[in-house]
Amino acid sequence: MAASASSAPRSSVREPEQESRDDGTSGCDSSRPPQRLGLIPAPELPERIAAGLAEELPALLARYTDDRHAWRVECVTDPLIGADGTGAELIQQAARLKREHGWDYVLCITDLPLFRDGRLTVAEASEACGVAVISQPALGASPLHDRLREATLHLINEMHHGSDPDDRERQQAHVDRSRRTRRAHGIRNGSARQLMGSRLAEWLTPIRRITPDDRQEHEDDEESGEQGGRKRRQEREARSQAAFAETCDTAPEASDASRPAGDGDGDGNDSRGDDDSDSQSGGRQPVVDVRFVSAAPVRGHLRLLAGMVRANRPWTILPAFRRIVAVAFATGAYGLIFPTLWRLSAAYEGYRFVLLMIAAIAAMVIWLILDHGLWEPQRYTGSPRLTRLYNLTTLMTLLLGVGCYYAILFALFLVAVILFVPASLLEATVESSIGWWNFPALAWLATSVATVAGALGSSLESDETIRGATYGYRQQLRQRKVKERQQQAQEESQGGANKGSAETHATHQESVTGNGGNGGYENGGDAAEGRKAGRGEPPGDE
């Protein structure tokens, strides 16, 4: 079951160890001015990875980013980071923590999928604000630690030395000089423009680097040399000043060394996953110096899905399925007593076993989703794209978990069949010669039948147990918000119905009261007519 994160931020500080470096200087020299980096991971998986990075980064930053400073890294986990699933909330929380701790740079490691202008974003950084964001799911399932380490080093380098083409050229020369030591420390990134080193996943799903200058390359084709470079630098300085003034200047008293991130990259950088996320935040466009997006949308989304499933930890489903496994195994063991399963296992072809297995797993996944309310309705969420992603993540998490559950049941039934079903009795029952295949076939059939029974047995588990085993921190938070919105909508609907019923009842009472007055008048008239008749007078007005 997923552990709930504390509501209070947790922090830890790491400084470089006293070790000799290649250039002969100490790893922690008190004569050098300090540079403070704040890591703000989301709870659970990003938090665990960031805790390991905090121990490595001080020495790596001093070695590969800037050896003129003594780097200090502080890791603070705040459950409110990205709690509403919006980029504005994430950046504002990061800015608040940056001001409180006096950091020079801040890096958020979020478990939210990020989309900018309809493109899947892996990371982005603002040099003017000193704020960077990495989307942990967009890095894939594994190896997360190595990828996050390389991405962190590169983003800090971009903010510290600049993202201008001339800055990158100077940094490329530095990277070339330290290539051998970088490889010795397991850093594969050999380019000053790449977020991470090249691996198989990066080759299949390449990451593209985008800067504001890329949009003006075609406009500046005629301008070359020093004039074009001077113009780009002037425009970049103007953008940086505008970014700091509009999106970062939330604490005027803060010094330049600890520039506040303010609203981060602007409220326009909504990370809810909508194609028009910029317009949903008030139309305020963020000023980001460098952004890394997926260059292969389809494969990039598959990689994102793998990262989101990894965050849900599908292997935690198995401990929560103890009762389900017991019910399923008892049902299958009882079925093995009768010869019907024996004959069917000997008569079935291979494709029937496969179809039965798929049907059994699908039935259990569908039953779990419907019985425990694991599917998010889009009408109660603010982002259809994120809703589809999280629903697909739930489906894949359950498929993996139920697949492991099926494999465990198959192993149990295989042992039971081998131990308790004599070969001679099986051969006599099926009335044909048997081979080694008949025993796994019988166990396979019993597993499929027992899985369907286990799906019904899943009702024995509480909704909280199943959700805690299926969801990671982010999806549990989303589920709570969806349930709150559903309850609020139901209360509003019931309130409106009650109000309408009350109005109808009041109208009816008024109608009855009015009719009662008229009835009295009419009854009074009838009595008058009776009195006239008693006196022998003709009916009419008195």
# chains A, B, ... in the order shown; residues from 1 in each chain; ligands from 1

call {"tool": "residues_around", "arguments": {"residues": "stretch 393-403 of chain A", "least_positions_apart": "2", "cutoff": "9 Å", "atoms": "only C-alpha atoms", "output": "JSON, numbers by chain"}}
result
{"A": [305, 306, 308, 309, 310, 312, 313, 314, 315, 316, 317, 318, 361, 362, 364, 365, 366, 368, 369, 374, 375, 388, 389, 390, 391, 405, 406, 407, 408, 470, 471, 475]}

call {"tool": "write_last_selection", "arguments": {"atoms": "N, CA and C atoms", "output": "compact mmCIF listing (two decimals), in the first residue's frame"}}
result
# COMPACT_ATOMS: atom_id res chain seq x y z
N LEU A 305 3.89 6.76 -20.44
CA LEU A 305 3.00 5.79 -19.81
C LEU A 305 3.79 4.79 -18.97
N ALA A 306 4.94 4.35 -19.48
CA ALA A 306 5.78 3.44 -18.70
C ALA A 306 6.25 4.10 -17.41
N MET A 308 4.67 6.49 -15.74
CA MET A 308 3.54 6.65 -14.83
C MET A 308 3.17 5.31 -14.19
N VAL A 309 3.27 4.22 -14.95
CA VAL A 309 3.00 2.90 -14.37
C VAL A 309 4.06 2.56 -13.34
N ARG A 310 5.32 2.91 -13.62
CA ARG A 310 6.38 2.67 -12.64
C ARG A 310 6.10 3.41 -11.34
N ASN A 312 3.29 3.96 -10.06
CA ASN A 312 2.21 3.27 -9.34
C ASN A 312 2.68 1.99 -8.66
N ARG A 313 3.88 1.51 -9.00
CA ARG A 313 4.47 0.32 -8.39
C ARG A 313 3.52 -0.88 -8.47
N PRO A 314 3.36 -1.48 -9.66
CA PRO A 314 2.39 -2.58 -9.81
C PRO A 314 2.68 -3.77 -8.90
N TRP A 315 3.93 -3.96 -8.50
CA TRP A 315 4.26 -5.12 -7.66
C TRP A 315 3.63 -5.03 -6.27
N THR A 316 3.17 -3.85 -5.86
CA THR A 316 2.54 -3.74 -4.55
C THR A 316 1.12 -4.28 -4.54
N ILE A 317 0.61 -4.65 -5.71
CA ILE A 317 -0.74 -5.21 -5.75
C ILE A 317 -0.77 -6.60 -5.11
N LEU A 318 0.30 -7.36 -5.28
CA LEU A 318 0.30 -8.76 -4.83
C LEU A 318 0.05 -8.91 -3.33
N ILE A 361 -8.01 -12.85 -17.35
CA ILE A 361 -7.32 -11.65 -16.88
C ILE A 361 -8.15 -10.41 -17.15
N ALA A 362 -8.74 -10.33 -18.37
CA ALA A 362 -9.57 -9.17 -18.69
C ALA A 362 -10.77 -9.08 -17.77
N MET A 364 -11.04 -10.13 -14.69
CA MET A 364 -10.64 -9.69 -13.36
C MET A 364 -10.30 -8.20 -13.35
N VAL A 365 -9.61 -7.71 -14.38
CA VAL A 365 -9.26 -6.28 -14.43
C VAL A 365 -10.53 -5.43 -14.51
N ILE A 366 -11.46 -5.83 -15.38
CA ILE A 366 -12.70 -5.07 -15.52
C ILE A 366 -13.50 -5.09 -14.22
N LEU A 368 -12.34 -5.43 -11.16
CA LEU A 368 -11.67 -4.59 -10.18
C LEU A 368 -11.98 -3.11 -10.43
N ILE A 369 -11.95 -2.71 -11.70
CA ILE A 369 -12.20 -1.30 -12.03
C ILE A 369 -13.63 -0.91 -11.68
N LEU A 374 -12.30 2.48 -9.93
CA LEU A 374 -10.95 2.92 -10.28
C LEU A 374 -10.90 3.73 -11.57
N TRP A 375 -12.03 3.94 -12.22
CA TRP A 375 -12.05 4.67 -13.48
C TRP A 375 -12.47 6.11 -13.23
N ARG A 388 -7.47 10.73 -19.52
CA ARG A 388 -7.22 9.55 -20.37
C ARG A 388 -5.89 8.89 -20.01
N LEU A 389 -4.87 9.71 -19.75
CA LEU A 389 -3.57 9.16 -19.40
C LEU A 389 -3.63 8.38 -18.09
N TYR A 390 -4.28 8.95 -17.09
CA TYR A 390 -4.34 8.28 -15.79
C TYR A 390 -5.22 7.03 -15.85
N ASN A 391 -6.29 7.07 -16.63
CA ASN A 391 -7.10 5.86 -16.79
C ASN A 391 -6.33 4.76 -17.50
N TYR A 405 -0.23 -11.95 -10.58
CA TYR A 405 -1.13 -12.79 -9.79
C TYR A 405 -1.43 -14.10 -10.53
N TYR A 406 -1.66 -14.01 -11.84
CA TYR A 406 -1.94 -15.20 -12.65
C TYR A 406 -0.73 -16.13 -12.68
N ALA A 407 0.46 -15.57 -12.80
CA ALA A 407 1.66 -16.39 -12.81
C ALA A 407 1.87 -17.12 -11.48
N ILE A 408 1.56 -16.45 -10.37
CA ILE A 408 1.69 -17.10 -9.05
C ILE A 408 0.70 -18.25 -8.92
N THR A 470 -3.12 -0.09 -5.99
CA THR A 470 -3.10 0.20 -7.43
C THR A 470 -2.50 1.56 -7.73
N TYR A 471 -2.76 2.54 -6.90
CA TYR A 471 -2.38 3.91 -7.19
C TYR A 471 -1.11 4.31 -6.45
N GLN A 475 -2.00 9.56 -8.16
CA GLN A 475 -3.32 9.10 -8.53
C GLN A 475 -4.25 8.98 -7.32

call {"tool": "atom_distance", "arguments": {"atom1": "atom CA of A:Leu414", "atom2": "atom CA of A:Trp367"}}
result
25.8 Å

call {"tool": "atom_distance", "arguments": {"atom1": "atom CA of A:His161", "atom2": "atom CA of A:Leu200"}}
result
29.1 Å

call {"tool": "residues_around", "arguments": {"residues": "stretch 32-37 of chain A", "least_positions_apart": "6", "cutoff": "7 Å", "atoms": "only C-alpha atoms", "output": "PyMOL selection string"}}
result
chain A and resi 68-74+103-106

call {"tool": "closest_residue", "arguments": {"among": "A:Ser383, A:His185, A:Arg322, A:Ser432", "to": "A:Ala59", "atoms": "only C-alpha atoms"}}
result
A:His185

call {"tool": "residues_around", "arguments": {"residues": "A:Gly140", "least_positions_apart": "2", "cutoff": "7 Å", "atoms": "only C-alpha atoms", "output": "PyMOL selection string"}}
result
chain A and resi 137-138+142+303-304+306-307

call {"tool": "residues_around", "arguments": {"residues": "A:Leu356", "least_positions_apart": "4", "cutoff": "7 Å", "atoms": "only C-alpha atoms", "output": "VMD selection string"}}
result
chain A and resid 352 360 448

call {"tool": "atom_distance", "arguments": {"atom1": "atom CA of A:Ile109", "atom2": "atom CA of A:Pro43"}}
result
9.7 Å

call {"tool": "residues_around", "arguments": {"residues": "A:Glu169", "least_positions_apart": "4", "cutoff": "10 Å", "atoms": "only C-alpha atoms", "output": "NGL selection string"}}
result
:A and (163-165 or 173-175 or 191-193)

call {"tool": "write_last_selection", "arguments": {"atoms": "C-alpha atoms", "output": "tab-separated table (two decimals), in the first residue's frame"}}
result
chain	number	residue	atom	x	y	z
A	163	SER	CA	21.49	28.78	-22.80
A	164	ASP	CA	22.69	31.11	-25.53
A	165	PRO	CA	24.44	29.37	-28.47
A	173	ALA	CA	34.66	22.77	-24.95
A	174	HIS	CA	34.56	22.16	-21.20
A	175	VAL	CA	32.61	18.92	-21.73
A	191	SER	CA	27.01	17.19	-25.39
A	192	ALA	CA	26.35	20.62	-23.93
A	193	ARG	CA	22.98	20.66	-25.73

call {"tool": "residues_around", "arguments": {"residues": "A:Leu336", "least_positions_apart": "2", "cutoff": "12 Å", "atoms": "only C-alpha atoms", "output": "PyMOL selection string"}}
result
chain A and resi 329-334+338-345+413-414+416-417+420-421+426+439+442-447+449-450

call {"tool": "closest_residue", "arguments": {"among": "A:Ala428, A:Leu53, A:Val298, A:Ala363", "to": "A:His145", "atoms": "only C-alpha atoms"}}
result
A:Leu53

call {"tool": "closest_residue", "arguments": {"among": "A:Arg188, A:Arg291, A:Arg168, A:Arg180", "to": "A:Asp146", "atoms": "only C-alpha atoms"}}
result
A:Arg188
